[in-house]
Each structure stands twice: as C-alpha cells, then as structure tokens.
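Asks: Can you keep this structure in mind? I'll have questions shortly.
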Amino acid sequence: MELPNRVGILHDVLRFFWKFDVNIRRIESRPSKFGKFDFFVDVERTNGSDEDEKDERLENLLTSLEEYGVEKLLILGEKEVNWFPRHISELDMIANRTLDAGSDLEADHPGFYDQNYRKRRQELADFALNHTWNKPIAEIKYTEDEIHCWTSVWDQMEPLWEKFACTPYLRSLELMKEHCNYTRTTIPQQKDISIFLESTTNFHLRPVAGLLTSRDFLNGLAHRTFFCTQYIRHHSKPLYTPEPDVVHELLGHAPMFADTDFCDFSQEIGLASLGASDEDIDKLARCYWFTVEFGLCKEYDPVKGKDKMTAYGAGLLSSFGELEYACRENENSEKPMIVEWDPKRAALQEFPITTYQPLYFLADSLSDAKNKMRKYCEDLPRPFFAQYNYQTQTVFIDRQIKRLDIEPN
Ligand SMILES: [Fe+2]
C-alpha cells in the first residue's frame, strides 16, 4: 500500500489490522515517488488454507483501508516459482544431481581406456557424493602421477600468469601460496582453500562429482558457494581437459574468489538465478561464461604508459594456449574479436565449448563488470528480489512465494 508521508500514518493504518485480528508476519517500507512511502505487508490467512474460501476478516480489513484513504492498495497472492535453495543446507538437494560423473567417461576422453584412472575417478566422485553442507571437506591423498600432472600445468602457466593475469588474481595467488599450500609440487586441499576463503571473502567451495545443470550451479553462487571438482585430468595430456578438473578449479577459479568484488559479482548472477525462468537461466549462464570463465579486464600498464588486457576468467587462467591467444598483442597473428563488456549482448551470445573462443568481453575493471551485471540483473523480469543474509545463511525474499517441487534429475 502507498501511504502519504505524514507522522503517525503507519500507526493509524496498523490499527485496522488489530481491529480485524489479522496477524502480520512481515512489514517493510520503501520510499516511492513524490515523497510517499510504499509498505509491503505479509499477513496470515485467517480462515485456514482453502484458497477459494472467502476470508472475511481480510476482506473487512481491505475495505476499511480503502475507506480510510490508503492511496494504492495492491493485493499480491503467493507467487509460484521454480524451486531454489533458501538455506545453504538445501544445496545438499542439488549437489549430487550431476549430468555425468565418476567413471562414466566419453569415448574421446584421454582416460577412457585407462581402468586405473576410471577407478580413481569413481573413488573421488564418491567423496563428493558423500559430502553434506555441515561436514568438513574430505582430504584427498593425491598420487604421484596426479601431482606430476599438476606440476606440468603449473610450470607452463606460471610465466603466462605474470604476463597476462589480472592484478587481483596475482595478489590472491600469493595469498594462496602463503595460506593454502599452493606450490608447484603440491595439489592444495579444497578444505584448506574453503576455510581460507570463508575467512577473507565469506565464500565457500563445495565438492561436486561432475557437471551440474546451469540452474543448480548458479543457485549455489547465490549462497556464495562454488561447486568444485577434486579429480584431475588424465596424466597423458596435462594441458588438455574436456571438463572442469582440480587444475581448472584451483588454478583458474579459486584465487579469484579471494577478491571481494569478484565474489559479489558471482553472487549477483547467483541471486538473479533463484526462481528464474529457463530462458533467463540461459541468459545468466551465458553471462557467467563470458565473465567468470572467459572474462578480460583492462589494467593500466605503467611500463608502456597505456591500458593492457588482462584475464580474470578461469577458462583462460588455467589454459596454456588460450590465455596467450586471448591476451597477446601481436597484430599479425590471428586474433579473436574483443568487445566491450555488455551483459545484454553476452546474454544472447552463443559460444563453442570445445575450441578457443572467437569472442571475448573486455570490462574496464572488475567493479565495472560487477556494476553492469547488477544493472542487468535488476532489469530482468525477476519473480522477487532476493538478498543473502550472511548470519543465517538464508536467502531473504521480498514477497510471499510458494516454491514448486524440486524437479527430478
Ligand atoms: Fe569453470
């Protein structure tokens, strides 16, 4: 309801709720146009749960409010929305809904004919499948082959990070070396990284056995939680992986989650995904792809006295070939297309998943990426406005909703 800006007006209006014995569950005020205020009030039904049954006390209340002169009275019923996790514990309901996982490999996977590798994949998948939100993350004892694979990638990537990674990444990588046992000869433990991130940016890693749907994955980000694999690519091809693995997650993604702007950016996409339509989930997933996976941002280079392109997307920061391909400045070589970061355009942009990207989006800075994304999310036709409460680890919704049943996998 819209009320004029007058001292005591809310008191006057609330008297009608007492008079007709209608219980208020939540009340919130927001400034509206011309110095007035909108009040959002959730009330309990007074006549049981049958939708069609006339609710007399409520009807009388509404009539009295209208007669009193409440200027705009809008009655919102419960809105039905797609299921989404409201509390962080409900991530347990989606974490194991993987599209493929464990020893189930595609025929062109480098480990397809390696029975030991497949057995190991299943073992690590089982750790993830047995994880729940309130349990400590299982520590993995990585084998020599696995560590060797990690070292091969690290050694190839290190000189490229110095040249092409954005400053927040480089800064965070140093912190990870100091606090999370990041070295060229150790695969860090997801548990240590998650504890570190919780203490710096309130972000969490959570084990997952394989790929999730875009909806489930993005819903995790709303709870500042990143679903993160623990297995590693096949040692025969250390510079190639057809799927996210521990190298991609820990060298590409994890350091960026030590940056508050980047965490807020990721959570923004996550909150917009809650209860969203399938069409909007696709749009948000594309925005995620062109930023969190393949985003570039400008940075001033004091040596050259001008801006340069740096990478903040994990798909670049963990890929030996693509990082250089996206960021190098050699005019003679084949160059991808680089365009200004624009979530509206990214939301509709198709992309390949098995080759280098033909197109990248370049933001002025990480906060520019965040601000534009926030604006884009605000303009989406969202069923409600969602905020995250860090104390209770719960999503707060600004209207009454009814979650539809969770879809079977
Ligand atoms: Fe990724």
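Going through the structure tokens in order, the chains are called A, B, and so on, while each chain numbers its residues from 1 and the ligands are numbered from 1 in the order shown.
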Please extract the residues at most 9 Å from ligand 1, counting only C-alpha atoms and all ligand atoms, and provide them as a list in words, using the chain letters and residue numbers of this document.

Replies: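 Listed by chain and ascending number, the contacts are Cys228, Glu243, Pro244, Asp245, His248, Glu249, Gly252, His253, Trp289, Val292, Glu293, Gly313, Ala314 and Gly315 of chain A.
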
Asks: Which of these residues is nearest to A:Thr229, using only C-alpha atoms: A:Gln156, A:Asp301, A:Glu334, A:Phe127?

Replies: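 Residue with the minimum atom-to-atom distance to A:Thr229: A:Phe127.
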
Asks: With DSSP run on the backbone, what are the helix (DSSP H, G or I) residues within stretch 342-403 of chain A? I'd like them as a VMD selection string.

Replies: chain A and resid 343 to 346 366 to 379

Asks: I want to know what sits within 12 Å of stretch 349-354 of chain A, based on only C-alpha atoms, with residues of the same chain fewer than 4 positions away left out; could you give that as a compact mmCIF listing (two decimals) with all heavy atoms, in the first residue's frame?

Replies:
# COMPACT_ATOMS: atom_id res chain seq x y z
N TYR A 240 45.43 -30.56 -21.46
CA TYR A 240 44.09 -30.65 -22.05
C TYR A 240 43.10 -31.30 -21.08
O TYR A 240 43.43 -32.29 -20.43
CB TYR A 240 44.15 -31.50 -23.34
CG TYR A 240 42.77 -31.86 -23.86
CD1 TYR A 240 41.99 -30.91 -24.50
CD2 TYR A 240 42.23 -33.14 -23.66
CE1 TYR A 240 40.71 -31.22 -24.96
CE2 TYR A 240 40.95 -33.47 -24.11
CZ TYR A 240 40.20 -32.50 -24.75
OH TYR A 240 38.94 -32.80 -25.19
N THR A 241 41.93 -30.73 -20.98
CA THR A 241 40.86 -31.40 -20.24
C THR A 241 39.52 -31.08 -20.91
O THR A 241 39.27 -29.93 -21.25
CB THR A 241 40.82 -30.99 -18.74
OG1 THR A 241 39.70 -31.61 -18.13
CG2 THR A 241 40.74 -29.49 -18.53
N PRO A 242 38.70 -32.08 -21.10
CA PRO A 242 37.40 -31.81 -21.73
C PRO A 242 36.35 -31.36 -20.71
O PRO A 242 35.21 -31.10 -21.07
CB PRO A 242 37.02 -33.18 -22.31
CG PRO A 242 37.70 -34.17 -21.42
CD PRO A 242 38.93 -33.51 -20.88
N GLU A 243 36.71 -31.26 -19.43
CA GLU A 243 35.74 -30.95 -18.37
C GLU A 243 36.47 -30.21 -17.25
O GLU A 243 37.70 -30.26 -17.19
CB GLU A 243 35.15 -32.27 -17.83
CG GLU A 243 36.21 -33.06 -17.09
CD GLU A 243 36.16 -34.55 -17.28
OE1 GLU A 243 35.06 -35.08 -17.39
OE2 GLU A 243 37.22 -35.18 -17.28
N PRO A 244 35.73 -29.55 -16.36
CA PRO A 244 36.43 -28.90 -15.25
C PRO A 244 37.11 -29.95 -14.38
O PRO A 244 36.55 -31.01 -14.13
CB PRO A 244 35.30 -28.20 -14.48
CG PRO A 244 34.03 -28.75 -14.97
CD PRO A 244 34.28 -29.32 -16.33
N ASP A 282 19.33 -19.42 -19.02
CA ASP A 282 20.24 -19.49 -20.17
C ASP A 282 20.99 -18.17 -20.35
O ASP A 282 22.19 -18.15 -20.62
CB ASP A 282 19.47 -19.80 -21.47
CG ASP A 282 19.00 -21.25 -21.50
OD1 ASP A 282 19.53 -22.06 -20.70
OD2 ASP A 282 18.11 -21.58 -22.31
N LYS A 283 20.29 -17.07 -20.17
CA LYS A 283 20.93 -15.76 -20.32
C LYS A 283 22.02 -15.56 -19.26
O LYS A 283 23.12 -15.11 -19.55
CB LYS A 283 19.89 -14.64 -20.20
CG LYS A 283 18.96 -14.56 -21.40
CD LYS A 283 17.97 -13.44 -21.21
CE LYS A 283 17.04 -13.37 -22.41
NZ LYS A 283 15.95 -12.44 -22.21
N LEU A 284 21.67 -15.92 -18.01
CA LEU A 284 22.63 -15.73 -16.92
C LEU A 284 23.84 -16.66 -17.10
O LEU A 284 24.97 -16.30 -16.81
CB LEU A 284 21.95 -15.99 -15.57
CG LEU A 284 20.89 -14.95 -15.19
CD1 LEU A 284 20.03 -15.45 -14.04
CD2 LEU A 284 21.55 -13.62 -14.82
N ALA A 285 23.58 -17.88 -17.60
CA ALA A 285 24.67 -18.84 -17.81
C ALA A 285 25.63 -18.32 -18.89
O ALA A 285 26.85 -18.51 -18.78
CB ALA A 285 24.11 -20.21 -18.21
N ARG A 286 25.09 -17.64 -19.88
CA ARG A 286 25.98 -17.09 -20.92
C ARG A 286 26.80 -15.92 -20.33
O ARG A 286 27.98 -15.80 -20.62
CB ARG A 286 25.17 -16.60 -22.13
CG ARG A 286 24.60 -17.76 -22.92
CD ARG A 286 23.99 -17.29 -24.24
NE ARG A 286 23.06 -18.29 -24.72
CZ ARG A 286 21.73 -18.15 -24.75
NH1 ARG A 286 21.18 -17.03 -24.37
NH2 ARG A 286 20.98 -19.13 -25.18
N CYS A 287 26.16 -15.10 -19.51
CA CYS A 287 26.90 -14.01 -18.85
C CYS A 287 28.02 -14.60 -17.98
O CYS A 287 29.14 -14.07 -17.95
CB CYS A 287 25.98 -13.15 -17.98
SG CYS A 287 24.88 -12.11 -18.94
N TYR A 288 27.69 -15.68 -17.28
CA TYR A 288 28.69 -16.35 -16.44
C TYR A 288 29.86 -16.82 -17.30
O TYR A 288 31.03 -16.62 -16.97
CB TYR A 288 28.03 -17.54 -15.72
CG TYR A 288 28.99 -18.40 -14.96
CD1 TYR A 288 29.30 -18.13 -13.63
CD2 TYR A 288 29.62 -19.49 -15.56
CE1 TYR A 288 30.20 -18.91 -12.94
CE2 TYR A 288 30.53 -20.27 -14.87
CZ TYR A 288 30.81 -19.98 -13.56
OH TYR A 288 31.71 -20.75 -12.87
N TRP A 289 29.54 -17.43 -18.42
CA TRP A 289 30.56 -17.98 -19.32
C TRP A 289 31.53 -16.90 -19.80
O TRP A 289 32.75 -17.07 -19.78
CB TRP A 289 29.86 -18.64 -20.52
CG TRP A 289 30.78 -19.23 -21.52
CD1 TRP A 289 31.26 -18.63 -22.65
CD2 TRP A 289 31.34 -20.56 -21.51
NE1 TRP A 289 32.07 -19.50 -23.34
CE2 TRP A 289 32.14 -20.68 -22.66
CE3 TRP A 289 31.24 -21.64 -20.63
CZ2 TRP A 289 32.85 -21.85 -22.96
CZ3 TRP A 289 31.94 -22.80 -20.92
CH2 TRP A 289 32.73 -22.90 -22.08
N PHE A 290 30.97 -15.76 -20.21
CA PHE A 290 31.80 -14.70 -20.78
C PHE A 290 32.51 -13.86 -19.73
O PHE A 290 33.25 -12.95 -20.07
CB PHE A 290 30.97 -13.81 -21.70
CG PHE A 290 30.65 -14.48 -23.02
CD1 PHE A 290 29.37 -14.91 -23.31
CD2 PHE A 290 31.66 -14.74 -23.93
CE1 PHE A 290 29.08 -15.55 -24.51
CE2 PHE A 290 31.40 -15.37 -25.14
CZ PHE A 290 30.11 -15.79 -25.43
N GLU A 293 34.24 -17.41 -16.60
CA GLU A 293 35.08 -18.38 -17.34
C GLU A 293 36.05 -17.70 -18.31
O GLU A 293 37.19 -18.12 -18.41
CB GLU A 293 34.20 -19.38 -18.10
CG GLU A 293 33.41 -20.34 -17.23
CD GLU A 293 34.27 -21.29 -16.43
OE1 GLU A 293 35.48 -21.41 -16.69
OE2 GLU A 293 33.72 -21.91 -15.49
N PHE A 294 35.59 -16.69 -19.04
CA PHE A 294 36.43 -16.15 -20.11
C PHE A 294 36.54 -14.62 -20.11
O PHE A 294 36.79 -14.03 -21.14
CB PHE A 294 35.93 -16.66 -21.47
CG PHE A 294 36.19 -18.14 -21.66
CD1 PHE A 294 35.19 -19.07 -21.43
CD2 PHE A 294 37.46 -18.59 -22.01
CE1 PHE A 294 35.45 -20.43 -21.55
CE2 PHE A 294 37.73 -19.95 -22.14
CZ PHE A 294 36.71 -20.87 -21.91
N GLY A 315 38.68 -20.04 -17.31
CA GLY A 315 38.97 -20.84 -18.51
C GLY A 315 40.24 -20.36 -19.18
O GLY A 315 40.95 -21.14 -19.82
N GLU A 322 45.09 -20.84 -24.53
CA GLU A 322 44.06 -19.81 -24.75
C GLU A 322 44.37 -18.49 -24.05
O GLU A 322 43.97 -17.43 -24.52
CB GLU A 322 42.68 -20.35 -24.32
CG GLU A 322 41.57 -19.45 -24.83
CD GLU A 322 40.19 -20.09 -24.86
OE1 GLU A 322 40.07 -21.27 -24.51
OE2 GLU A 322 39.23 -19.39 -25.24
N VAL A 339 35.25 -7.33 -27.49
CA VAL A 339 34.25 -6.26 -27.44
C VAL A 339 34.06 -5.81 -26.00
O VAL A 339 34.40 -6.53 -25.06
CB VAL A 339 32.88 -6.70 -28.03
CG1 VAL A 339 33.01 -7.04 -29.51
CG2 VAL A 339 32.31 -7.88 -27.26
N ASP A 342 29.30 -6.14 -22.07
CA ASP A 342 27.91 -5.72 -22.19
C ASP A 342 27.04 -6.95 -21.90
O ASP A 342 26.86 -7.81 -22.75
CB ASP A 342 27.66 -5.20 -23.62
CG ASP A 342 26.19 -4.90 -23.86
OD1 ASP A 342 25.39 -4.98 -22.91
OD2 ASP A 342 25.84 -4.59 -25.01
N PRO A 343 26.50 -7.05 -20.66
CA PRO A 343 25.75 -8.24 -20.29
C PRO A 343 24.56 -8.52 -21.21
O PRO A 343 24.24 -9.67 -21.46
CB PRO A 343 25.27 -7.96 -18.87
CG PRO A 343 25.92 -6.73 -18.42
CD PRO A 343 26.58 -6.06 -19.58
N LYS A 344 23.95 -7.45 -21.74
CA LYS A 344 22.79 -7.65 -22.62
C LYS A 344 23.20 -8.43 -23.86
O LYS A 344 22.49 -9.30 -24.32
CB LYS A 344 22.24 -6.28 -23.04
CG LYS A 344 20.98 -5.90 -22.32
CD LYS A 344 20.25 -4.81 -23.12
CE LYS A 344 19.70 -3.80 -22.17
NZ LYS A 344 20.05 -2.45 -22.38
N ARG A 345 24.35 -8.07 -24.38
CA ARG A 345 24.84 -8.75 -25.59
C ARG A 345 25.33 -10.16 -25.23
O ARG A 345 25.03 -11.13 -25.93
CB ARG A 345 25.97 -7.92 -26.21
CG ARG A 345 26.57 -8.60 -27.42
CD ARG A 345 27.54 -7.68 -28.15
NE ARG A 345 28.16 -8.44 -29.24
CZ ARG A 345 29.08 -7.95 -30.03
NH1 ARG A 345 29.51 -6.72 -29.89
NH2 ARG A 345 29.60 -8.71 -30.99
N PRO A 358 35.90 -17.47 -30.05
CA PRO A 358 36.15 -16.48 -31.11
C PRO A 358 35.89 -15.05 -30.63
O PRO A 358 36.31 -14.09 -31.26
CB PRO A 358 35.13 -16.86 -32.19
CG PRO A 358 34.07 -17.63 -31.48
CD PRO A 358 34.65 -18.23 -30.24
N LEU A 359 35.22 -14.91 -29.47
CA LEU A 359 34.84 -13.57 -28.99
C LEU A 359 35.01 -13.48 -27.47
O LEU A 359 34.61 -14.40 -26.75
CB LEU A 359 33.36 -13.33 -29.36
CG LEU A 359 32.77 -12.04 -28.84
CD1 LEU A 359 32.60 -11.06 -29.97
CD2 LEU A 359 31.44 -12.28 -28.19
N TYR A 360 35.60 -12.39 -27.01
CA TYR A 360 35.74 -12.16 -25.57
C TYR A 360 35.17 -10.79 -25.21
O TYR A 360 35.19 -9.88 -26.03
CB TYR A 360 37.22 -12.17 -25.15
CG TYR A 360 37.91 -13.49 -25.42
CD1 TYR A 360 38.61 -13.68 -26.62
CD2 TYR A 360 37.85 -14.55 -24.52
CE1 TYR A 360 39.23 -14.89 -26.89
CE2 TYR A 360 38.47 -15.75 -24.79
CZ TYR A 360 39.16 -15.93 -25.97
OH TYR A 360 39.77 -17.11 -26.23
N PHE A 361 34.70 -10.68 -23.97
CA PHE A 361 34.20 -9.39 -23.50
C PHE A 361 35.24 -8.77 -22.56
O PHE A 361 35.77 -9.44 -21.67
CB PHE A 361 32.88 -9.58 -22.75
CG PHE A 361 31.71 -9.83 -23.67
CD1 PHE A 361 31.39 -11.12 -24.07
CD2 PHE A 361 30.95 -8.77 -24.15
CE1 PHE A 361 30.32 -11.36 -24.93
CE2 PHE A 361 29.88 -9.00 -25.01
CZ PHE A 361 29.56 -10.29 -25.40

Asks: Atom CA of A:Pro255 and atom CA of A:Tyr169, how far apart in Å?

Replies: 5.8 Å

Asks: Using only C-alpha atoms, determine which residues lie at most 8 Å from A:Phe217, disregarding the query and same-chain residues fewer than 4 positions distant; provide the list as number ranges by chain.

Replies: A: 212-213, 221, 226-227

Asks: What lies within 10 Å of stretch 73-77 of chain A using only C-alpha atoms, ignoring chain neighbours under 4 positions off, as number ranges by chain?

Replies: A: 1-3, 38-42, 51, 62, 65-66, 69, 399-402

Asks: For the residues in the current selection, export N, CA and C atoms as an mmCIF file, in the first residue's frame.

Replies:
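Just written: again-v4.cif:
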data_model
loop_
_atom_site.group_PDB
_atom_site.id
_atom_site.type_symbol
_atom_site.label_atom_id
_atom_site.label_comp_id
_atom_site.auth_asym_id
_atom_site.auth_seq_id
_atom_site.Cartn_x
_atom_site.Cartn_y
_atom_site.Cartn_z
ATOM 1 N N MET A 1 0.843 -1.190 0.000
ATOM 2 C CA MET A 1 0.000 0.000 0.000
ATOM 3 C C MET A 1 0.872 1.232 0.000
ATOM 4 N N GLU A 2 0.383 2.296 -0.655
ATOM 5 C CA GLU A 2 1.122 3.547 -0.680
ATOM 6 C C GLU A 2 0.487 4.499 0.322
ATOM 7 N N LEU A 3 1.315 5.059 1.189
ATOM 8 C CA LEU A 3 0.797 5.966 2.218
ATOM 9 C C LEU A 3 1.431 7.345 2.057
ATOM 10 N N ASP A 38 5.924 3.267 0.153
ATOM 11 C CA ASP A 38 5.225 2.001 -0.086
ATOM 12 C C ASP A 38 5.475 1.088 1.110
ATOM 13 N N PHE A 39 4.414 0.446 1.573
ATOM 14 C CA PHE A 39 4.567 -0.527 2.661
ATOM 15 C C PHE A 39 4.179 -1.914 2.144
ATOM 16 N N PHE A 40 5.061 -2.868 2.368
ATOM 17 C CA PHE A 40 4.800 -4.257 1.970
ATOM 18 C C PHE A 40 4.486 -5.038 3.239
ATOM 19 N N VAL A 41 3.299 -5.620 3.275
ATOM 20 C CA VAL A 41 2.875 -6.310 4.494
ATOM 21 C C VAL A 41 2.480 -7.742 4.155
ATOM 22 N N ASP A 42 3.098 -8.703 4.835
ATOM 23 C CA ASP A 42 2.676 -10.103 4.688
ATOM 24 C C ASP A 42 1.741 -10.441 5.833
ATOM 25 N N GLU A 51 -7.887 -21.832 -0.711
ATOM 26 C CA GLU A 51 -7.702 -20.602 -1.496
ATOM 27 C C GLU A 51 -9.034 -19.936 -1.857
ATOM 28 N N LEU A 62 -9.436 -4.928 4.218
ATOM 29 C CA LEU A 62 -9.135 -4.233 2.958
ATOM 30 C C LEU A 62 -10.150 -3.126 2.686
ATOM 31 N N LEU A 65 -9.358 -0.211 4.913
ATOM 32 C CA LEU A 65 -8.159 0.514 4.474
ATOM 33 C C LEU A 65 -8.502 1.429 3.302
ATOM 34 N N GLU A 66 -9.311 0.904 2.385
ATOM 35 C CA GLU A 66 -9.710 1.718 1.233
ATOM 36 C C GLU A 66 -10.525 2.929 1.683
ATOM 37 N N GLY A 69 -8.565 5.728 3.113
ATOM 38 C CA GLY A 69 -7.868 6.592 2.156
ATOM 39 C C GLY A 69 -6.466 6.130 1.803
ATOM 40 N N ARG A 399 8.800 -11.011 -1.089
ATOM 41 C CA ARG A 399 7.358 -11.231 -1.172
ATOM 42 C C ARG A 399 7.034 -12.691 -0.850
ATOM 43 N N GLN A 400 5.749 -12.950 -0.661
ATOM 44 C CA GLN A 400 5.332 -14.312 -0.343
ATOM 45 C C GLN A 400 5.472 -15.182 -1.583
ATOM 46 N N ILE A 401 6.145 -16.300 -1.454
ATOM 47 C CA ILE A 401 6.280 -17.186 -2.610
ATOM 48 C C ILE A 401 5.972 -18.619 -2.211
ATOM 49 N N LYS A 402 5.655 -19.413 -3.205
ATOM 50 C CA LYS A 402 5.493 -20.844 -2.988
ATOM 51 C C LYS A 402 6.437 -21.516 -3.961
#

Asks: If you run DSSP on the backbone, which residues of stretch 129-284 of chain A are strand (DSSP E), as a list in words?

Replies: His204, Leu205, Arg206, Pro207, Thr225, Phe226, Phe227 and Cys228 of chain A

Asks: Go ahead and compute the interatomic distance for atom CA of A:Thr185 and atom CA of A:Thr151, in Å to one decimal.

Replies: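 For atom CA of A:Thr185 relative to atom CA of A:Thr151, the distance reads 5.6 Å.
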
Asks: Taking only C-alpha atoms into account, which of A:Tyr142, A:Tyr182, A:Phe385, A:Tyr231 comes nearest A:Val208?

Replies: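 Ranking A:Tyr142, A:Tyr182, A:Phe385, A:Tyr231 by distance to A:Val208, first place goes to A:Tyr231.
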
Asks: State, in Å with one decimal place, the distance from atom CA of A:Lys191 to atom CA of A:Met157.

Replies: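 Separating atom CA of A:Lys191 from atom CA of A:Met157 is a distance of 23.6 Å.
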
Asks: Compare A:Asn23, A:Gln189, A:Thr394, A:Ser29 by their minimum atom-to-atom distance to A:His223, counting only C-alpha atoms, and give me the closest one.

Replies: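 Nearest to A:His223: A:Thr394.
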
Asks: Need the shell around A:Phe396: protein/DNA/RNA residues with any atom at most 12 Å away, counting only C-alpha atoms. Skip same-chain ones fewer than 2 positions apart. Format as a ChimeraX atom specification?

Replies: /A:26,85-87,222-223,271,274,384-394,398-401

Asks: Those residues with N, CA and C atoms, as a CSV table (one decimal), in the first residue's frame please?

Replies:
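Final file, selection08.csv:
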chain,number,residue,atom,x,y,z
A,26,ARG,N,5.3,-9.9,8.4
A,26,ARG,CA,6.5,-9.1,7.9
A,26,ARG,C,6.0,-7.7,7.5
A,85,PRO,N,17.2,-23.3,-3.6
A,85,PRO,CA,17.7,-23.5,-2.2
A,85,PRO,C,17.6,-22.2,-1.4
A,86,ARG,N,16.8,-22.2,-0.3
A,86,ARG,CA,16.7,-21.0,0.5
A,86,ARG,C,17.7,-20.9,1.6
A,87,HIS,N,18.1,-22.1,2.1
A,87,HIS,CA,19.2,-22.1,3.1
A,87,HIS,C,20.3,-22.9,2.6
A,222,ALA,N,24.5,-18.1,-5.4
A,222,ALA,CA,23.6,-17.2,-4.6
A,222,ALA,C,24.0,-17.3,-3.1
A,223,HIS,N,24.4,-18.6,-2.7
A,223,HIS,CA,24.8,-18.8,-1.3
A,223,HIS,C,26.4,-18.7,-1.2
A,271,LEU,N,22.1,-14.8,-7.3
A,271,LEU,CA,20.8,-14.4,-6.8
A,271,LEU,C,19.8,-14.2,-7.9
A,274,LEU,N,17.8,-17.4,-8.9
A,274,LEU,CA,16.9,-18.1,-8.0
A,274,LEU,C,15.4,-17.9,-8.5
A,384,PHE,N,10.9,-12.1,-7.8
A,384,PHE,CA,11.1,-11.5,-6.5
A,384,PHE,C,12.5,-10.9,-6.4
A,385,PHE,N,12.7,-10.1,-5.4
A,385,PHE,CA,14.0,-9.6,-5.1
A,385,PHE,C,14.6,-10.4,-4.0
A,386,ALA,N,15.8,-10.9,-4.2
A,386,ALA,CA,16.5,-11.8,-3.2
A,386,ALA,C,17.7,-11.1,-2.7
A,387,GLN,N,17.9,-11.3,-1.4
A,387,GLN,CA,19.1,-10.8,-0.7
A,387,GLN,C,19.7,-11.9,0.1
A,388,TYR,N,21.0,-11.9,0.4
A,388,TYR,CA,21.5,-13.0,1.2
A,388,TYR,C,21.8,-12.5,2.6
A,389,ASN,N,21.4,-13.3,3.6
A,389,ASN,CA,21.7,-12.9,4.9
A,389,ASN,C,22.9,-13.8,5.4
A,390,TYR,N,24.0,-13.2,5.6
A,390,TYR,CA,25.2,-14.0,6.0
A,390,TYR,C,25.1,-14.6,7.3
A,391,GLN,N,24.5,-14.0,8.3
A,391,GLN,CA,24.4,-14.6,9.6
A,391,GLN,C,23.6,-15.9,9.6
A,392,THR,N,22.5,-15.9,8.9
A,392,THR,CA,21.6,-17.0,8.9
A,392,THR,C,21.8,-17.9,7.7
A,393,GLN,N,22.7,-17.5,6.8
A,393,GLN,CA,23.0,-18.2,5.5
A,393,GLN,C,21.7,-18.6,4.8
A,394,THR,N,20.8,-17.6,4.8
A,394,THR,CA,19.5,-17.8,4.2
A,394,THR,C,19.2,-16.7,3.1
A,398,ASP,N,11.6,-10.8,-1.0
A,398,ASP,CA,10.8,-9.6,-0.6
A,398,ASP,C,9.3,-9.8,-0.8
A,399,ARG,N,8.8,-11.0,-1.1
A,399,ARG,CA,7.4,-11.2,-1.2
A,399,ARG,C,7.0,-12.7,-0.8
A,400,GLN,N,5.7,-12.9,-0.7
A,400,GLN,CA,5.3,-14.3,-0.3
A,400,GLN,C,5.5,-15.2,-1.6
A,401,ILE,N,6.1,-16.3,-1.5
A,401,ILE,CA,6.3,-17.2,-2.6
A,401,ILE,C,6.0,-18.6,-2.2

Asks: Of the residues A:Pro207, A:Pro159, A:Pro336, A:Pro31, which is the one nearest to A:Gln190, using only C-alpha atoms?

Replies: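 Among A:Pro207, A:Pro159, A:Pro336, A:Pro31, it is A:Pro207 that comes nearest to A:Gln190.
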
Asks: Pick out the residues sitting within 8 Å of A:Arg45, and hand them over as a count of residues only; count only C-alpha atoms, and ignore anything fewer than 5 positions along from it in its own chain.

Replies: 3
